[in-house]
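A.B. asks: input_9.cif is the file, holding mmCIF, C-alpha atoms:
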```cif
data_run
#
loop_
_atom_site.group_PDB
_atom_site.id
_atom_site.type_symbol
_atom_site.label_atom_id
_atom_site.label_comp_id
_atom_site.auth_asym_id
_atom_site.auth_seq_id
_atom_site.Cartn_x
_atom_site.Cartn_y
_atom_site.Cartn_z
ATOM 1 C CA MET K 1 12.876 178.493 66.462
ATOM 2 C CA GLU K 2 16.572 179.059 65.805
ATOM 3 C CA SER K 3 16.666 181.864 68.367
ATOM 4 C CA LEU K 4 15.156 179.546 71.002
ATOM 5 C CA MET K 5 17.825 176.919 70.311
ATOM 6 C CA LYS K 6 20.516 179.590 70.497
ATOM 7 C CA ILE K 7 19.276 180.761 73.922
ATOM 8 C CA LEU K 8 18.912 177.137 75.086
ATOM 9 C CA LYS K 9 22.573 176.451 74.334
ATOM 10 C CA GLU K 10 24.034 179.813 75.393
ATOM 11 C CA GLU K 11 22.246 179.836 78.760
ATOM 12 C CA HIS K 12 22.693 176.084 79.380
ATOM 13 C CA LEU K 13 18.945 175.565 79.810
ATOM 14 C CA SER K 14 17.131 172.250 79.745
ATOM 15 C CA CYS K 15 14.254 173.812 77.807
ATOM 16 C CA ILE K 16 12.807 177.124 76.707
ATOM 17 C CA VAL K 17 9.214 177.830 75.655
ATOM 18 C CA SER K 18 7.788 180.680 73.612
ATOM 19 C CA GLN K 19 4.051 181.264 74.010
ATOM 20 C CA ASN K 20 2.238 184.446 72.971
ATOM 21 C CA ASN K 21 5.428 186.564 73.117
ATOM 22 C CA HIS K 22 6.287 185.233 76.590
ATOM 23 C CA ILE K 23 9.457 183.222 77.223
ATOM 24 C CA TYR K 24 9.673 180.537 79.900
ATOM 25 C CA LYS K 25 13.053 179.045 80.811
ATOM 26 C CA GLU K 26 13.816 175.891 82.774
ATOM 27 C CA LYS K 27 17.149 174.505 83.976
ATOM 28 C CA ALA K 28 16.175 171.341 85.879
ATOM 29 C CA ASP K 29 17.011 167.959 84.360
ATOM 30 C CA GLY K 30 14.690 165.197 83.265
ATOM 31 C CA ILE K 31 10.978 165.537 82.652
ATOM 32 C CA ARG K 32 10.355 167.834 85.635
ATOM 33 C CA PRO K 33 10.636 171.083 83.615
ATOM 34 C CA ILE K 34 8.047 169.916 81.089
ATOM 35 C CA LEU K 35 5.666 168.824 83.845
ATOM 36 C CA THR K 36 6.142 172.225 85.510
ATOM 37 C CA LEU K 37 5.371 174.036 82.247
ATOM 38 C CA LEU K 38 2.387 171.744 81.633
ATOM 39 C CA ASP K 39 1.000 172.468 85.103
ATOM 40 C CA LYS K 40 1.451 176.227 84.505
ATOM 41 C CA GLY K 41 -0.551 175.929 81.272
ATOM 42 C CA VAL K 42 2.128 177.534 79.113
ATOM 43 C CA LEU K 43 2.454 174.794 76.479
ATOM 44 C CA LYS K 44 -0.808 175.557 74.629
ATOM 45 C CA ASP K 45 -0.002 176.646 71.055
ATOM 46 C CA ALA K 46 3.620 177.191 72.086
ATOM 47 C CA GLN K 47 7.044 176.385 70.662
ATOM 48 C CA ILE K 48 9.658 174.561 72.719
ATOM 49 C CA ALA K 49 13.371 173.984 72.364
ATOM 50 C CA ASP K 50 14.657 171.175 74.579
ATOM 51 C CA LYS K 51 17.931 169.309 75.046
ATOM 52 C CA VAL K 52 16.382 165.832 75.155
ATOM 53 C CA ILE K 53 12.910 164.663 74.113
ATOM 54 C CA GLY K 54 11.897 161.106 74.901
ATOM 55 C CA LYS K 55 8.427 159.656 74.515
ATOM 56 C CA ALA K 56 7.429 160.753 78.040
ATOM 57 C CA ALA K 57 8.301 164.371 77.247
ATOM 58 C CA ALA K 58 6.652 164.149 73.822
ATOM 59 C CA MET K 59 3.424 162.865 75.354
ATOM 60 C CA MET K 60 3.344 165.651 77.945
ATOM 61 C CA LEU K 61 4.028 168.274 75.266
ATOM 62 C CA VAL K 62 1.135 167.025 73.130
ATOM 63 C CA PHE K 63 -1.051 166.759 76.256
ATOM 64 C CA GLY K 64 -0.245 170.424 76.939
ATOM 65 C CA GLY K 65 -1.096 171.527 73.401
ATOM 66 C CA ILE K 66 2.378 172.281 72.003
ATOM 67 C CA LYS K 67 2.504 173.230 68.313
ATOM 68 C CA GLU K 68 6.237 173.022 67.513
ATOM 69 C CA VAL K 69 9.211 171.153 68.993
ATOM 70 C CA HIS K 70 12.946 171.504 68.442
ATOM 71 C CA ALA K 71 15.162 168.966 70.189
ATOM 72 C CA SER K 72 18.901 168.563 70.352
ATOM 73 C CA VAL K 73 18.273 164.819 70.848
ATOM 74 C CA ILE K 74 14.995 162.967 70.252
ATOM 75 C CA SER K 75 14.095 159.296 70.548
ATOM 76 C CA GLU K 76 12.359 157.388 67.766
ATOM 77 C CA PRO K 77 9.260 156.717 69.938
ATOM 78 C CA ALA K 78 9.062 160.453 70.736
ATOM 79 C CA LEU K 79 9.395 161.466 67.094
ATOM 80 C CA HIS K 80 6.718 158.978 66.017
ATOM 81 C CA PHE K 81 4.341 160.163 68.761
ATOM 82 C CA LEU K 82 4.790 163.838 67.855
ATOM 83 C CA GLN K 83 4.378 163.166 64.134
ATOM 84 C CA ALA K 84 1.259 161.055 64.764
ATOM 85 C CA HIS K 85 -0.226 164.117 66.480
ATOM 86 C CA HIS K 86 0.783 166.454 63.632
ATOM 87 C CA ILE K 87 3.326 168.415 65.683
ATOM 88 C CA LEU K 88 6.037 170.213 63.712
ATOM 89 C CA VAL K 89 9.347 168.646 64.822
ATOM 90 C CA HIS K 90 12.976 169.659 64.261
ATOM 91 C CA TYR K 91 15.889 167.749 65.760
ATOM 92 C CA GLU K 92 19.650 167.456 65.579
ATOM 93 C CA LEU K 93 20.111 163.814 66.592
ATOM 94 C CA LEU K 94 17.653 160.900 66.387
ATOM 95 C CA VAL K 95 18.343 157.965 68.742
ATOM 96 C CA PRO K 96 16.521 154.650 69.239
ATOM 97 C CA ASN K 97 15.724 155.444 72.897
ATOM 98 C CA ILE K 98 16.738 157.875 75.617
ATOM 99 C CA ILE K 99 19.231 156.203 77.940
ATOM 100 C CA ASN K 100 19.268 156.565 81.710
ATOM 101 C CA ARG K 101 21.819 158.639 83.626
ATOM 102 C CA LYS K 102 23.930 155.570 84.447
ATOM 103 C CA LYS K 103 24.034 154.799 80.715
ATOM 104 C CA ASP K 104 23.132 151.174 81.350
ATOM 105 C CA GLY K 105 19.543 151.062 80.082
ATOM 106 C CA ILE K 106 16.548 153.012 78.833
ATOM 107 C CA CYS K 107 15.438 156.097 80.769
ATOM 108 C CA PRO K 108 12.826 155.090 83.373
ATOM 109 C CA MET K 109 10.458 157.833 82.167
ATOM 110 C CA GLU K 110 10.635 156.547 78.598
ATOM 111 C CA THR K 111 10.163 152.969 79.818
ATOM 112 C CA CYS K 112 7.148 154.037 81.906
ATOM 113 C CA VAL K 113 5.198 155.235 78.847
ATOM 114 C CA LEU K 114 6.736 153.210 76.020
ATOM 115 C CA HIS K 115 3.596 151.110 75.464
ATOM 116 C CA ILE K 116 1.037 153.769 76.444
ATOM 117 C CA ASP K 117 -0.732 156.173 74.094
ATOM 118 C CA ASP K 118 -3.229 157.652 76.580
ATOM 119 C CA MET K 119 -1.713 161.012 77.566
ATOM 120 C CA GLU K 120 -3.722 161.471 80.751
ATOM 121 C CA LEU K 121 -2.756 158.008 81.972
ATOM 122 C CA ALA K 122 0.868 158.749 81.074
ATOM 123 C CA TYR K 123 0.730 162.010 83.046
ATOM 124 C CA HIS K 124 -0.460 160.227 86.193
ATOM 125 C CA LYS K 125 2.093 157.417 85.789
ATOM 126 C CA LEU K 126 4.942 159.910 85.323
ATOM 127 C CA VAL K 127 3.948 162.025 88.328
ATOM 128 C CA HIS K 128 3.730 158.857 90.429
ATOM 129 C CA LEU K 129 7.126 157.602 89.199
ATOM 130 C CA LEU K 130 8.768 160.965 89.905
ATOM 131 C CA ALA K 131 7.337 160.955 93.421
ATOM 132 C CA GLN K 132 8.710 157.445 93.986
ATOM 133 C CA MET K 133 12.143 158.407 92.656
ATOM 134 C CA THR K 134 12.447 161.476 94.883
ATOM 135 C CA LYS K 135 11.663 159.628 98.132
#
```
Can you give me the file's structure in the form of structure tokens?
C.D. replies:
Amino acid sequence: MESLMKILKEEHLSCIVSQNNHIYKEKADGIRPILTLLDKGVLKDAQIADKVIGKAAAMMLVFGGIKEVHASVISEPALHFLQAHHILVHYELLVPNIINRKKDGICPMETCVLHIDDMELAYHKLVHLLAQMTK
């Protein structure tokens, strides 16, 4: 896991996944990289190192079958969700919530799933929200 975090930081990635001796790297911001990896099916029994894990990301990782997570920053709702699903979690900084890019409130992705525990429902809500935000 340390080598994944090292690569994440050295290559300025948003996340990096190791699954069955294959490495997948993503640079896009937000939850998009995790949704891309989920749709590719590369999260099953994998390890991920990510810059920021909020509850939305945590839910999609569990939905995809992740087995281990290392985050530079993780929110309390994300940590609780991962632990409730028996995912091995390492982090550098624990925060109450992930803040939005304007730094004036909670991230809209985190807000979208804050009171949801159904991962499939969360997936559909997140995809819909992303589509609305990119219009």
A.B. asks: Find the residues near Cys15 of chain K: any atom within 6 Å, counting only C-alpha atoms, skip ones fewer than 3 places away on the same chain, and give them as a PyMOL selection string.
C.D. replies: chain K and resi 26+49-50
A.B. asks: So which residues touch Phe63 of chain K within 9 Å, counting only C-alpha atoms, skipping near sequence neighbours fewer than 3 positions away, as a PyMOL selection string?
C.D. replies: chain K and resi 38+43-44+58-60+66+119-120+123
A.B. asks: Would you mind telling me which residue in K:Ala78, K:Lys67, K:Asp45, K:Ser72 lies nearest to Ser14 of chain K when using only C-alpha atoms?
C.D. replies: K:Ser72
A.B. asks: Which residue, K:Asp104, K:Glu110, K:Asp29, K:Asp117, has the smallest gap to Ala56 of chain K when you use all atoms listed in the file?
C.D. replies: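 Using all atoms listed in the file, the shortest distance to Ala56 of chain K belongs to K:Glu110.
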A.B. asks: For Ile34 of chain K, which of K:Gly105, K:Tyr91, K:Leu61, K:Gly54 is the closest residue, counting only C-alpha atoms?
C.D. replies: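 Result for the nearest residue to Ile34 of chain K: K:Leu61.
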A.B. asks: Written as JSON, numbers by chain, what is the full residue list that the PyMOL selection byres ((chain K and resi 4-13) around 8) yields on the file shown?
C.D. replies: {"K": [1, 2, 3, 14, 15, 16, 17, 18, 25, 26, 27, 28, 48, 49, 50, 51, 70]}
A.B. asks: Any chance you could export the current selection's C-alpha atoms as a PDB file, keeping the file's coordinate frame?
C.D. replies:
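again16.pdb, freshly written:
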```
ATOM      1  CA  MET K   1      12.876 178.493  66.462  1.00  0.00           C
ATOM      2  CA  GLU K   2      16.572 179.059  65.805  1.00  0.00           C
ATOM      3  CA  SER K   3      16.666 181.864  68.367  1.00  0.00           C
ATOM      4  CA  SER K  14      17.131 172.250  79.745  1.00  0.00           C
ATOM      5  CA  CYS K  15      14.254 173.812  77.807  1.00  0.00           C
ATOM      6  CA  ILE K  16      12.807 177.124  76.707  1.00  0.00           C
ATOM      7  CA  VAL K  17       9.214 177.830  75.655  1.00  0.00           C
ATOM      8  CA  SER K  18       7.788 180.680  73.612  1.00  0.00           C
ATOM      9  CA  LYS K  25      13.053 179.045  80.811  1.00  0.00           C
ATOM     10  CA  GLU K  26      13.816 175.891  82.774  1.00  0.00           C
ATOM     11  CA  LYS K  27      17.149 174.505  83.976  1.00  0.00           C
ATOM     12  CA  ALA K  28      16.175 171.341  85.879  1.00  0.00           C
ATOM     13  CA  ILE K  48       9.658 174.561  72.719  1.00  0.00           C
ATOM     14  CA  ALA K  49      13.371 173.984  72.364  1.00  0.00           C
ATOM     15  CA  ASP K  50      14.657 171.175  74.579  1.00  0.00           C
ATOM     16  CA  LYS K  51      17.931 169.309  75.046  1.00  0.00           C
ATOM     17  CA  HIS K  70      12.946 171.504  68.442  1.00  0.00           C
TER      18      HIS K  70
END
```
A.B. asks: Please report the interatomic distance between atom CA of Ile106 of chain K and atom CA of Ser75 of chain K in Å with one decimal.
C.D. replies: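 Atom CA of Ser75 of chain K lies at a distance of 10.7 Å from atom CA of Ile106 of chain K.
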A.B. asks: Record the distance separating atom CA of Arg101 of chain K and atom CA of His128 of chain K, expressed in Å with one decimal.
C.D. replies: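 These atoms are spaced 19.3 Å apart.
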A.B. asks: Please indicate the distance in Å from atom CA of His80 of chain K to atom CA of Asp39 of chain K, rounded to one decimal place.
C.D. replies: 24.1 Å
A.B. asks: I need the residue nearest His86 of chain K from this list: K:Val62, K:Ile99, K:Val52, K:Leu129. Use only C-alpha atoms for the distance.
C.D. replies: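 Nearest to His86 of chain K: K:Val62.
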A.B. asks: Between K:Ala57, K:Ile31, K:Cys112, K:Leu121, which has the minimum distance to Phe81 of chain K (counting all atoms listed in the file)?
C.D. replies: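 Using all atoms listed in the file, Phe81 of chain K sits closest to K:Ala57.
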A.B. asks: Give me the box for segment 73-92 of chain K as lines of an AutoDock Vina configuration file, namely the centre and edge lengths in Å to one decimal of a box along x, y and z that holds every listed atom plus 8 Å on each side.
C.D. replies:
```
center_x = 9.7
center_y = 163.5
center_z = 67.2
size_x = 35.9
size_y = 29.5
size_z = 23.2
```
A.B. asks: Could you check the closest approach to Gln83 of chain K for each of K:Lys55, K:Lys102, K:Pro108, K:Val42 and tell me which residue wins, using only C-alpha atoms?
C.D. replies: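 Comparing K:Lys55, K:Lys102, K:Pro108, K:Val42 against Gln83 of chain K, the winner is K:Lys55.
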A.B. asks: Written as an mmCIF file with C-alpha atoms, in the coordinates of the input, which residues does the PyMOL selection byres ((chain K and resi 96) around 7) give for the file shown?
C.D. replies:
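Output contents, as saved in expr.cif:
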```cif
data_model
loop_
_atom_site.group_PDB
_atom_site.id
_atom_site.type_symbol
_atom_site.label_atom_id
_atom_site.label_comp_id
_atom_site.auth_asym_id
_atom_site.auth_seq_id
_atom_site.Cartn_x
_atom_site.Cartn_y
_atom_site.Cartn_z
ATOM 1 C CA SER K 75 14.095 159.296 70.548
ATOM 2 C CA GLU K 76 12.359 157.388 67.766
ATOM 3 C CA LEU K 94 17.653 160.900 66.387
ATOM 4 C CA VAL K 95 18.343 157.965 68.742
ATOM 5 C CA ASN K 97 15.724 155.444 72.897
#
```
